[in-house]
Each structure stands twice: as structure tokens, then as C-alpha cells.
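Content type compact mmCIF, C-alpha atoms and all ligand atoms, from the file upload-v7.txt:
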```
# COMPACT_ATOMS: atom_id res chain seq x y z
CA MET R 1 66.67 -9.34 21.42
CA ALA R 2 67.83 -8.68 25.01
CA PHE R 3 69.05 -11.53 27.17
CA ASP R 4 69.10 -11.69 30.97
CA VAL R 5 72.60 -11.04 32.25
CA ARG R 6 73.93 -11.20 35.80
CA SER R 7 77.11 -12.07 37.68
CA VAL R 8 77.71 -15.78 38.16
CA ARG R 9 77.02 -17.14 41.65
CA ASP R 10 79.25 -20.18 41.94
CA ALA R 11 82.05 -22.12 40.29
CA ASP R 12 79.67 -24.15 38.13
CA GLU R 13 78.11 -21.01 36.68
CA PHE R 14 81.57 -19.53 36.18
CA LYS R 15 82.58 -22.63 34.27
CA ALA R 16 79.45 -22.46 32.09
CA ALA R 17 80.04 -18.76 31.30
CA PHE R 18 83.72 -19.44 30.56
CA PHE R 19 82.67 -22.17 28.12
CA GLY R 20 81.77 -19.42 25.62
CA ILE R 21 85.37 -18.37 25.10
CA ALA R 22 86.58 -21.95 25.38
CA GLN R 23 84.53 -22.59 22.24
CA TYR R 24 86.66 -20.04 20.44
CA PHE R 25 90.19 -20.84 21.53
CA GLY R 26 89.47 -24.54 21.85
CA GLY R 27 90.80 -26.82 24.52
CA ALA R 28 89.20 -27.47 27.87
CA PRO R 29 90.72 -25.59 30.81
CA THR R 30 91.79 -27.78 33.72
CA GLU R 31 89.98 -27.40 37.05
CA GLU R 32 93.14 -25.83 38.45
CA ARG R 33 93.26 -23.27 35.67
CA LEU R 34 89.58 -22.43 36.09
CA GLN R 35 90.13 -21.91 39.80
CA ARG R 36 92.95 -19.46 39.02
CA TRP R 37 90.54 -17.52 36.81
CA ILE R 38 87.90 -17.49 39.53
CA ASP R 39 90.40 -16.31 42.13
CA GLN R 40 91.62 -13.48 39.93
CA LEU R 41 88.39 -12.31 38.30
CA THR R 42 86.08 -13.11 41.25
CA LEU R 43 82.56 -14.41 40.68
CA GLU R 44 81.01 -10.97 40.67
CA ARG R 45 83.07 -9.80 37.69
CA MET R 46 82.13 -12.74 35.50
CA HIS R 47 78.86 -11.97 33.78
CA ALA R 48 76.71 -14.69 32.26
CA ALA R 49 73.91 -14.37 29.72
CA PHE R 50 70.90 -16.66 30.10
CA SER R 51 68.43 -18.09 27.60
CA ASP R 52 65.52 -20.09 29.01
CA GLY R 53 67.39 -20.34 32.30
CA ALA R 54 70.59 -21.75 30.77
CA ILE R 55 73.89 -19.94 30.38
CA VAL R 56 74.75 -19.22 26.74
CA GLY R 57 77.62 -16.76 27.00
CA GLY R 58 79.97 -14.94 29.33
CA ALA R 59 82.16 -11.87 29.70
CA GLY R 60 84.69 -11.20 32.47
CA ALA R 61 86.63 -8.19 33.70
CA PHE R 62 89.83 -7.92 35.71
CA THR R 63 89.97 -5.22 38.35
CA PHE R 64 93.13 -3.16 38.02
CA ASN R 65 94.46 0.32 37.53
CA MET R 66 95.79 1.35 34.16
CA THR R 67 98.26 4.11 33.41
CA VAL R 68 96.97 6.73 30.99
CA PRO R 69 98.71 9.90 29.85
CA GLY R 70 98.74 12.05 32.98
CA GLY R 71 97.22 9.55 35.40
CA ASP R 72 96.47 6.13 36.76
CA VAL R 73 92.80 5.11 36.72
CA PRO R 74 90.61 2.21 37.86
CA THR R 75 89.94 0.05 34.84
CA ALA R 76 87.73 -2.85 33.80
CA GLY R 77 90.14 -5.25 32.11
CA VAL R 78 87.70 -7.00 29.79
CA THR R 79 88.48 -10.64 29.07
CA VAL R 80 87.05 -14.09 28.23
CA VAL R 81 84.17 -12.77 26.12
CA GLY R 82 82.34 -15.56 24.35
CA VAL R 83 78.91 -16.67 23.21
CA TYR R 84 77.93 -20.29 22.66
CA PRO R 85 77.96 -21.25 18.98
CA THR R 86 74.31 -22.26 19.37
CA HIS R 87 73.28 -18.70 20.24
CA ARG R 88 75.38 -16.33 18.17
CA ARG R 89 74.10 -13.34 16.21
CA ARG R 90 71.00 -12.87 18.35
CA GLY R 91 72.19 -10.11 20.66
CA VAL R 92 73.83 -12.09 23.48
CA LEU R 93 77.10 -10.17 23.21
CA ARG R 94 75.30 -6.85 23.09
CA SER R 95 73.42 -7.75 26.31
CA LEU R 96 76.69 -8.80 27.99
CA MET R 97 78.51 -5.62 26.95
CA ARG R 98 75.69 -3.44 28.25
CA ALA R 99 75.67 -5.15 31.65
CA GLN R 100 79.45 -5.14 31.91
CA LEU R 101 79.86 -1.46 31.06
CA ASP R 102 77.03 -0.52 33.48
CA ASP R 103 78.83 -2.50 36.17
CA ALA R 104 82.15 -0.77 35.43
CA GLN R 105 80.46 2.61 35.67
CA GLU R 106 78.90 1.72 39.02
CA ARG R 107 82.33 0.74 40.29
CA GLY R 108 83.73 4.13 39.32
CA GLU R 109 85.91 2.79 36.53
CA PRO R 110 86.21 5.43 33.78
CA ILE R 111 87.91 3.01 31.40
CA ALA R 112 87.24 -0.44 30.04
CA ALA R 113 90.09 -1.93 28.04
CA LEU R 114 90.69 -5.16 26.20
CA TRP R 115 93.04 -7.02 23.95
CA ALA R 116 90.72 -8.01 21.13
CA SER R 117 91.24 -11.19 19.17
CA GLU R 118 88.93 -9.77 16.51
CA GLU R 119 89.06 -6.01 16.43
CA THR R 120 86.01 -5.62 14.19
CA ILE R 121 83.68 -6.63 17.02
CA TYR R 122 84.20 -3.93 19.60
CA GLY R 123 84.02 -0.54 17.89
CA ARG R 124 80.23 -0.52 18.16
CA PHE R 125 80.53 -0.74 21.93
CA GLY R 126 82.85 2.26 22.18
CA TYR R 127 86.23 0.57 22.03
CA GLY R 128 89.00 1.78 19.76
CA LEU R 129 92.65 1.28 19.03
CA ALA R 130 94.75 2.66 21.88
CA SER R 131 98.25 1.31 21.27
CA TRP R 132 100.39 -0.96 19.18
CA CYS R 133 102.81 -3.68 20.05
CA GLY R 134 104.85 -6.13 18.06
CA GLU R 135 106.56 -9.47 18.08
CA ILE R 136 110.23 -9.96 17.67
CA SER R 137 112.06 -12.92 16.25
CA LEU R 138 115.73 -12.18 16.06
CA ALA R 139 118.29 -14.56 14.61
CA HIS R 140 121.46 -14.19 16.61
CA GLU R 141 123.76 -14.01 13.63
CA TYR R 142 122.02 -10.91 12.26
CA THR R 143 122.15 -8.83 15.42
CA SER R 144 124.46 -6.14 16.58
CA PHE R 145 124.34 -3.36 19.16
CA ALA R 146 122.72 -0.21 17.77
CA GLN R 147 124.86 2.13 19.82
CA PRO R 148 127.91 1.95 22.05
CA PHE R 149 127.04 1.10 25.62
CA GLU R 150 128.81 1.33 28.94
CA PRO R 151 127.34 -1.13 31.45
CA ALA R 152 126.47 0.57 34.72
CA GLY R 153 125.30 -2.20 36.98
CA THR R 154 125.41 -5.88 37.77
CA MET R 155 123.06 -8.77 37.13
CA ARG R 156 122.10 -11.65 39.35
CA LEU R 157 119.90 -14.70 38.77
CA VAL R 158 117.27 -15.13 41.47
CA GLY R 159 114.80 -17.87 42.40
CA PRO R 160 111.00 -17.60 42.45
CA ASP R 161 110.74 -16.54 46.11
CA GLU R 162 113.13 -13.64 45.71
CA ALA R 163 111.57 -12.74 42.37
CA LEU R 164 108.15 -12.50 44.01
CA ASP R 165 109.48 -9.86 46.40
CA ALA R 166 111.92 -8.08 44.11
CA LEU R 167 110.05 -7.68 40.83
CA PRO R 168 106.74 -6.03 41.85
CA PRO R 169 108.23 -2.73 43.13
CA VAL R 170 110.30 -2.33 39.94
CA PHE R 171 107.27 -3.12 37.79
CA GLU R 172 105.04 -0.71 39.72
CA ARG R 173 107.53 2.14 39.42
CA ILE R 174 107.97 1.64 35.69
CA ARG R 175 104.35 1.02 34.80
CA LEU R 176 103.32 4.40 36.20
CA ASP R 177 105.47 6.03 33.50
CA TRP R 178 104.03 3.94 30.73
CA PRO R 179 100.48 4.51 29.45
CA GLY R 180 98.72 1.22 28.81
CA MET R 181 100.49 -0.74 31.54
CA PHE R 182 98.31 -1.95 34.36
CA SER R 183 98.75 -2.81 38.02
CA ARG R 184 99.21 -6.40 39.16
CA ASN R 185 97.92 -7.57 42.51
CA ARG R 186 99.72 -10.14 44.63
CA LEU R 187 97.62 -12.99 43.24
CA TRP R 188 98.54 -11.97 39.69
CA TRP R 189 102.20 -12.01 40.59
CA GLU R 190 101.96 -15.39 42.27
CA HIS R 191 99.79 -17.13 39.71
CA LYS R 192 100.81 -15.56 36.46
CA GLU R 193 104.30 -14.23 36.83
CA ILE R 194 105.97 -16.59 39.28
CA ASP R 195 104.10 -19.90 39.10
CA ASP R 196 105.53 -21.91 36.27
CA PRO R 197 103.50 -25.06 35.64
CA GLU R 198 104.59 -27.37 32.86
CA ASP R 199 101.39 -26.81 30.85
CA ARG R 200 102.24 -23.15 30.34
CA ARG R 201 105.77 -23.70 29.04
CA ASP R 202 104.85 -24.58 25.47
CA GLY R 203 107.73 -26.99 25.13
CA ALA R 204 110.29 -24.61 26.63
CA GLY R 205 112.23 -24.85 29.87
CA PRO R 206 111.51 -23.20 33.22
CA LYS R 207 111.27 -19.46 33.78
CA ARG R 208 114.50 -17.68 34.68
CA TRP R 209 114.54 -14.41 36.57
CA VAL R 210 117.49 -12.05 36.49
CA VAL R 211 117.66 -8.76 38.36
CA HIS R 212 119.74 -5.73 37.46
CA GLU R 213 121.30 -3.88 40.38
CA ARG R 214 122.85 -0.47 40.56
CA ASP R 215 124.30 0.98 43.77
CA GLY R 216 122.91 -1.98 45.69
CA ALA R 217 119.33 -1.46 44.54
CA ILE R 218 117.36 -3.50 42.02
CA ASP R 219 116.33 -1.20 39.18
CA GLY R 220 115.41 -3.69 36.47
CA TYR R 221 114.72 -7.30 35.71
CA ALA R 222 114.17 -9.78 32.92
CA VAL R 223 112.14 -12.99 32.76
CA TYR R 224 112.87 -15.52 30.07
CA ARG R 225 112.98 -19.19 29.12
CA HIS R 226 115.13 -21.33 26.90
CA LYS R 227 113.64 -23.68 24.38
CA PRO R 228 116.42 -26.09 23.55
CA GLY R 229 116.86 -27.35 20.01
CA TRP R 230 119.52 -29.06 17.96
CA GLY R 231 120.04 -29.19 14.20
CA GLU R 232 122.75 -29.34 11.57
CA GLY R 233 125.31 -30.12 14.21
CA SER R 234 124.67 -27.14 16.46
CA THR R 235 122.13 -25.45 18.70
CA ILE R 236 119.02 -23.96 17.14
CA ALA R 237 117.48 -23.10 20.46
CA GLU R 238 115.20 -20.16 21.23
CA LEU R 239 115.54 -17.69 24.02
CA ARG R 240 112.04 -16.50 24.84
CA VAL R 241 111.85 -13.10 26.47
CA ILE R 242 108.75 -12.89 28.64
CA GLU R 243 109.39 -9.48 30.12
CA ALA R 244 112.38 -7.18 30.50
CA LEU R 245 111.93 -3.91 32.33
CA GLY R 246 114.07 -1.10 33.64
CA GLY R 247 117.80 -0.74 34.17
CA ASP R 248 119.68 -2.53 31.44
CA ALA R 249 117.21 -5.37 31.52
CA GLY R 250 116.45 -5.16 27.80
CA GLY R 251 119.85 -6.63 27.20
CA ALA R 252 119.87 -9.04 30.08
CA PRO R 253 118.79 -12.23 28.37
CA GLY R 254 121.27 -11.75 25.56
CA SER R 255 124.08 -10.79 27.83
CA LEU R 256 123.55 -13.95 29.83
CA GLY R 257 124.56 -15.96 26.83
CA VAL R 258 122.69 -16.70 23.63
CA PRO R 259 124.70 -19.26 21.71
CA ALA R 260 125.68 -18.25 18.21
CA ARG R 261 122.88 -19.97 16.32
CA ASP R 262 120.07 -19.33 18.71
CA ARG R 263 117.06 -17.14 18.06
CA LEU R 264 115.57 -14.61 20.43
CA GLU R 265 111.76 -14.48 20.55
CA GLY R 266 109.32 -12.18 22.29
CA ASP R 267 105.80 -10.89 21.86
CA GLY R 268 103.91 -7.95 23.31
CA GLN R 269 106.95 -5.76 22.56
CA PRO R 270 106.87 -1.96 22.14
CA LEU R 271 107.19 -0.42 18.71
CA ASP R 272 108.69 2.73 20.18
CA PRO R 273 112.42 2.45 19.54
CA ALA R 274 113.05 4.72 22.52
CA ALA R 275 111.63 1.98 24.70
CA GLY R 276 114.49 -0.27 23.74
CA ALA R 277 114.42 -3.87 22.62
CA PRO R 278 115.99 -7.06 23.79
CA ALA R 279 119.50 -7.24 22.48
CA VAL R 280 122.03 -9.96 22.08
CA PRO R 281 125.73 -9.59 21.44
CA ALA R 282 126.79 -9.71 17.82
CA PRO R 283 129.03 -12.54 16.67
CA GLY R 284 132.53 -11.83 17.80
CA ASP R 285 131.25 -9.41 20.43
CA ALA R 286 129.97 -11.89 22.96
CA SER R 287 131.16 -9.97 25.98
CA SER R 288 128.95 -11.04 28.86
CA ASP R 289 128.22 -7.57 30.13
CA ALA R 290 128.02 -5.50 26.94
CA VAL R 291 124.32 -4.72 26.96
CA PRO R 292 122.40 -1.71 25.70
CA PRO R 293 119.87 0.09 27.85
CA GLY R 294 116.33 -0.92 27.15
CA ARG R 295 113.04 -2.12 28.49
CA LEU R 296 110.03 -4.01 27.25
CA PRO R 297 106.43 -3.78 28.37
CA LEU R 298 104.34 -6.54 29.73
CA ASP R 299 103.20 -9.56 27.86
CA SER R 300 99.98 -10.73 29.42
CA HIS R 301 99.61 -13.89 27.36
CA ARG R 302 101.66 -16.56 29.07
C1 LIG M 1 82.01 -12.52 18.73
C2 LIG M 1 80.85 -13.02 19.57
C3 LIG M 1 81.13 -12.78 21.04
C4 LIG M 1 79.59 -12.25 19.14
O1 LIG M 1 78.51 -12.65 19.96
P1 LIG M 1 77.01 -12.54 19.45
O2 LIG M 1 76.11 -12.81 20.60
O3 LIG M 1 76.85 -13.38 18.25
O4 LIG M 1 76.93 -11.00 19.03
P2 LIG M 1 75.60 -10.14 18.93
O5 LIG M 1 74.51 -10.94 18.27
O6 LIG M 1 75.26 -9.56 20.26
O7 LIG M 1 76.06 -9.02 17.97
C5 LIG M 1 76.39 -7.72 18.42
C6 LIG M 1 76.97 -6.95 17.26
O8 LIG M 1 78.25 -7.48 16.94
C7 LIG M 1 78.28 -7.88 15.56
N1 LIG M 1 79.12 -9.08 15.47
C8 LIG M 1 78.83 -10.26 15.98
N2 LIG M 1 79.85 -11.13 15.74
C9 LIG M 1 80.77 -10.45 15.03
C10 LIG M 1 82.04 -10.79 14.48
N3 LIG M 1 82.56 -12.03 14.59
N4 LIG M 1 82.73 -9.84 13.83
C11 LIG M 1 82.21 -8.58 13.71
N5 LIG M 1 81.02 -8.20 14.23
C12 LIG M 1 80.31 -9.13 14.88
C13 LIG M 1 76.84 -8.13 15.18
O9 LIG M 1 76.65 -7.96 13.79
C14 LIG M 1 76.15 -7.07 15.99
O10 LIG M 1 76.28 -5.82 15.34
P3 LIG M 1 75.13 -4.70 15.33
O11 LIG M 1 74.36 -4.85 16.60
O12 LIG M 1 75.90 -3.42 15.27
O13 LIG M 1 74.34 -4.99 14.12
C15 LIG M 1 80.58 -14.51 19.32
O14 LIG M 1 80.47 -14.74 17.94
C16 LIG M 1 81.67 -15.40 19.85
O15 LIG M 1 81.62 -15.84 20.98
N6 LIG M 1 82.71 -15.64 19.05
C17 LIG M 1 83.81 -16.45 19.49
C18 LIG M 1 84.54 -15.82 20.64
C19 LIG M 1 85.08 -14.44 20.32
O16 LIG M 1 85.34 -14.09 19.18
N7 LIG M 1 85.26 -13.68 21.37
C20 LIG M 1 85.81 -12.39 21.28
C21 LIG M 1 87.28 -12.52 21.34
S1 LIG M 1 88.02 -10.95 21.46
```
Go ahead and render the structure in this file as C-alpha cells.
Ligand SMILES: CC(C)(COP(=O)(O)OP(=O)(O)OC[C@H]1O[C@@H](n2cnc3c(N)ncnc32)[C@H](O)[C@@H]1OP(=O)(O)O)[C@@H](O)C(=O)NCCC(=O)NCCS
Amino acid sequence: MAFDVRSVRDADEFKAAFFGIAQYFGGAPTEERLQRWIDQLTLERMHAAFSDGAIVGGAGAFTFNMTVPGGDVPTAGVTVVGVYPTHRRRGVLRSLMRAQLDDAQERGEPIAALWASEETIYGRFGYGLASWCGEISLAHEYTSFAQPFEPAGTMRLVGPDEALDALPPVFERIRLDWPGMFSRNRLWWEHKEIDDPEDRRDGAGPKRWVVHERDGAIDGYAVYRHKPGWGEGSTIAELRVIEALGGDAGGAPGSLGVPARDRLEGDGQPLDPAAGAPAVPAPGDASSDAVPPGRLPLDSHR
């Protein structure tokens, strides 16, 4: 059965279309959060499916460029796909996918990409596995540097305003070398990377930004948080790496001081060892600037 699908026309329709995915992940998004979605996706890229005049599902797409081997192409960044539980298994998703892919084609986007929560759904629509990533959970006491390293730069903590200016050029340079990474517009940087509302901290502290400089130029950065904790008479805190790119940034969070019983956490990390990994000094080797080279790709779920 085919359902009518079109772009939403106002914030109320956007909200109704978004309700499909909200039924999956649970929790009601705040008005502020919904507005951020509207600003970033735009109304025209949020498709809604209708049954008897009422919205029963939605599918959105970010507009960005994605790096592929040998190029950088306009891409539909598929997101917030959901069908109301009252209308599943009747072809609503299929109707949404058809309309969304037609729209991407009309816009001249050769690629549609997504991060699937359930990978079994999308193969029938032409999607397939394109890359892997992993999570890391590293107890400080079991870490050590993999290879000797001579630091070749300096690090400096910066505030949100400086981060908003300093990080995007580094990100843009690096992402063009890395298939699967995608461009971020100014709004994305402001809302997702720099803004740091309490409800997105998951019990951890504020975001910290550190830049790596070499010869007076910023060539890498790291973004991280601390989640304080205390147990058995000492710290059992976590250091959460959000993103570490370029320069010696893979080692930045660790080199800035992870107490001896802390744990380093990060998701959306590369499996390619050549890409590096966040590193912390081994016990007894807590030199503040002994960091290995490394970089981590983006984590878009924050
Ligand atoms: C997954 C979901 C979007 C499917 O919507 P739907 O309208 O029921 O799907 P359709 O009826 O259009 O089915 C389209 C095809 O997908 C298949 N399909 C539907 N749900 C599926 C699931 N959970 N897993 C695997 N395949 C599924 C159908 O069998 C059908 O296959 P076919 O046409 O090749 O026979 C819907 O169940 C939903 O909103 N789930 C919760 C949110 C969610 O999972 N979103 C995706 C996150 S990545």
C-alpha cells in the first residue's frame, strides 16, 4: 500500500513527523531541541507520510558533503526515520524511502547515507555497510604507549568562542582525507559541537576544548568531558573523549591528566590502528607532554 508523502510545511507538522522516531528512542524532545532539528534539517527535508490526512511517520535528511575515496560529494544524511506504532508493516516506510531518495536525486545528491539503529531494515532500499567504528573503554592502569613518541607541539585550552573559530578549519582539512566524514555547517558547529546544555551531558561535566599548535598554527584539537566519580578511597572518574583530530590530539586528553584510577571512554572511534587512538600515560610515565600521534573521527551522537 502506498501512502502520500510530502515535506512538512510548519513546525507542528515537523513535530508530528518526528514523533515516529520519538516512539522508538523514547522520551519527548523539548521545544528547544525540536527547534534545533528544524533549523538544521529545514522543513523541506523532513518528509511526512499521511494516512487519512494525519501524519503517521517521518524521515529526515541532513544536507552535507561526504568524503568518499577520491572525492567529496553532496549527500543526503538520512536521519529520524520512524513510523507510528499504529501504522507499522503496511508500507509507510517504503513510501517515505521512495520519496526521500527521489528528492535526493532531484537535488543532485549521488549518495544517501545513514547510521542505522537496525541494519536489517535498509538493505532493501539500496543501503549497505560502508564502514566500521568502535567504542573504547580504557582503564588507566592497563594502558601504555604503543611506541616511543617525541612531542612536536604545544597544547592550549580554549573557550567556546575561540573553539568555534579554531576547530572548523582543522576539521575541514582532515575530513577531506577521510572517507565517511562529512562537512559541518556553521549551525552544526554552534548547536552540536559548541553549545553544551546540561541535558546533553549525561551526568558528566562541561565540554573542554584543547588545541594543538605547531609553529604557531593550530593543527589539531580534542574535545572531552570529565565525569567525576569516587570509590574505594580514590577517583573512579571517566574521561569522555568526544572528538580528537589531527596533530597529536589523539593523546591530548590523556596528556592533560587522567588520574591513576580513571577510565577513558569514547565511541565512534576508528578501527584502523593507523588512525591512532586516544592514549593516556602509563602508570609511572605520567609526563604531561608524552603523547603519541593520533586522531579520531567524528562522533555524531552527542
Ligand atoms: C522500522 C520501521 C521504520 C518500519 O516501518 P514500516 O512502515 O513498518 O515498514 P514497511 O511496512 O514500509 O516495510 C518496508 C519493508 O521493511 C521491512 N521491515 C519493516 N520493519 C522491519 C524491521 N524492524 N526489521 C527488518 N525489516 C523490517 C518490511 O518487512 C518490508 O519489507 P519488504 O517490503 O521487503 O517485504 C518502523 O517499524 C519503525 O518506525 N520502527 C521504530 C523506529 C526505527 O526502527 N527506525 C529506524 C531506526 S534506524
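Minimum atom-to-atom distances from R:Ser51, R:Val83, R:Arg225, R:Pro179 to R:Ala237 were compared using all atoms listed in the file, and the lowest value belongs to R:Arg225.
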Open item on the list: Restricting the calculation to all atoms listed in the file: of R:Gly108, R:Gly71, R:Pro29, R:Gly57, which residue gets closest to R:Arg94?
Closed with: R:Gly57
Open item on the list: 6 Å from ligand LIG 1 (chain M) is the threshold here; counting only C-alpha atoms and all ligand atoms, which polymer residues fall inside it? Answer as an MDAnalysis selection string.
Closed with: chainID R and resid 20:21 24 81:83 88:94 116:118 120:121 124
Task: Point-to-point distance in Å for atom CA of R:Asn185 and atom CA of R:Thr67 - done: 14.8 Å
- [ ] List the neighbours of stretch 193-208 of chain R out to 6 Å using all atoms listed in the file; skip same-chain residues closer than 6 positions along the sequence, and give me the result as a count of residues only.
- [x] 5
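When all atoms listed in the file are used to measure the gap to R:Lys192, the shortest distance among R:Arg36, R:Lys15, R:Arg6, R:Arg240 belongs to R:Arg36.
Straight-line separation from atom CA of R:Arg45 to atom CA of R:Met66: 17.3 Å.
The residue that comes closest to R:Glu243, out of R:Leu164, R:Gln40, R:Phe19, R:Gly220 and on the basis of all atoms listed in the file, is R:Gly220.
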Give, as lines of an AutoDock Vina configuration file, the centre coordinates and the x, y and z edge lengths in Å to one decimal for an axis-aligned box around all listed atoms of stretch 109-114 of chain R, padded by 4 Å on each side.
```
center_x = 88.3
center_y = 0.1
center_z = 31.4
size_x = 12.8
size_y = 18.6
size_z = 18.3
```
Task: For atom CA of R:Gly159 and atom CA of R:Val241, the interatomic separation in Å (one decimal) - done: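 Separation of atom CA of R:Gly159 and atom CA of R:Val241: 16.9 Å.
For the residues R:Glu109, R:Leu187, R:Leu167, R:Gln23, ranking by smallest atom-to-atom distance to R:Ala61 using all atoms listed in the file places R:Glu109 first.
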- [ ] Would you mind telling me which residue in R:Thr154, R:Thr86, R:Ser7, R:Thr42 lies nearest to R:Ala99 when using only C-alpha atoms?
- [x] R:Ser7
Open item on the list: (90.0, -1.1, 32.0) in this file's frame - what residues fall within 10 Å of it? Use all atoms listed in the file and give the answer as a ChimeraX atom specification.
Closed with: /R:61-67,73-78,104,109-114,180,182
Open item on the list: Around the point (103.9, -6.3, 39.5) (coordinates from the file), which residues reach within 10 Å if we count all atoms listed in the file? Answer as a ChimeraX atom specification.
Closed with: /R:164-175,182-190,193,298
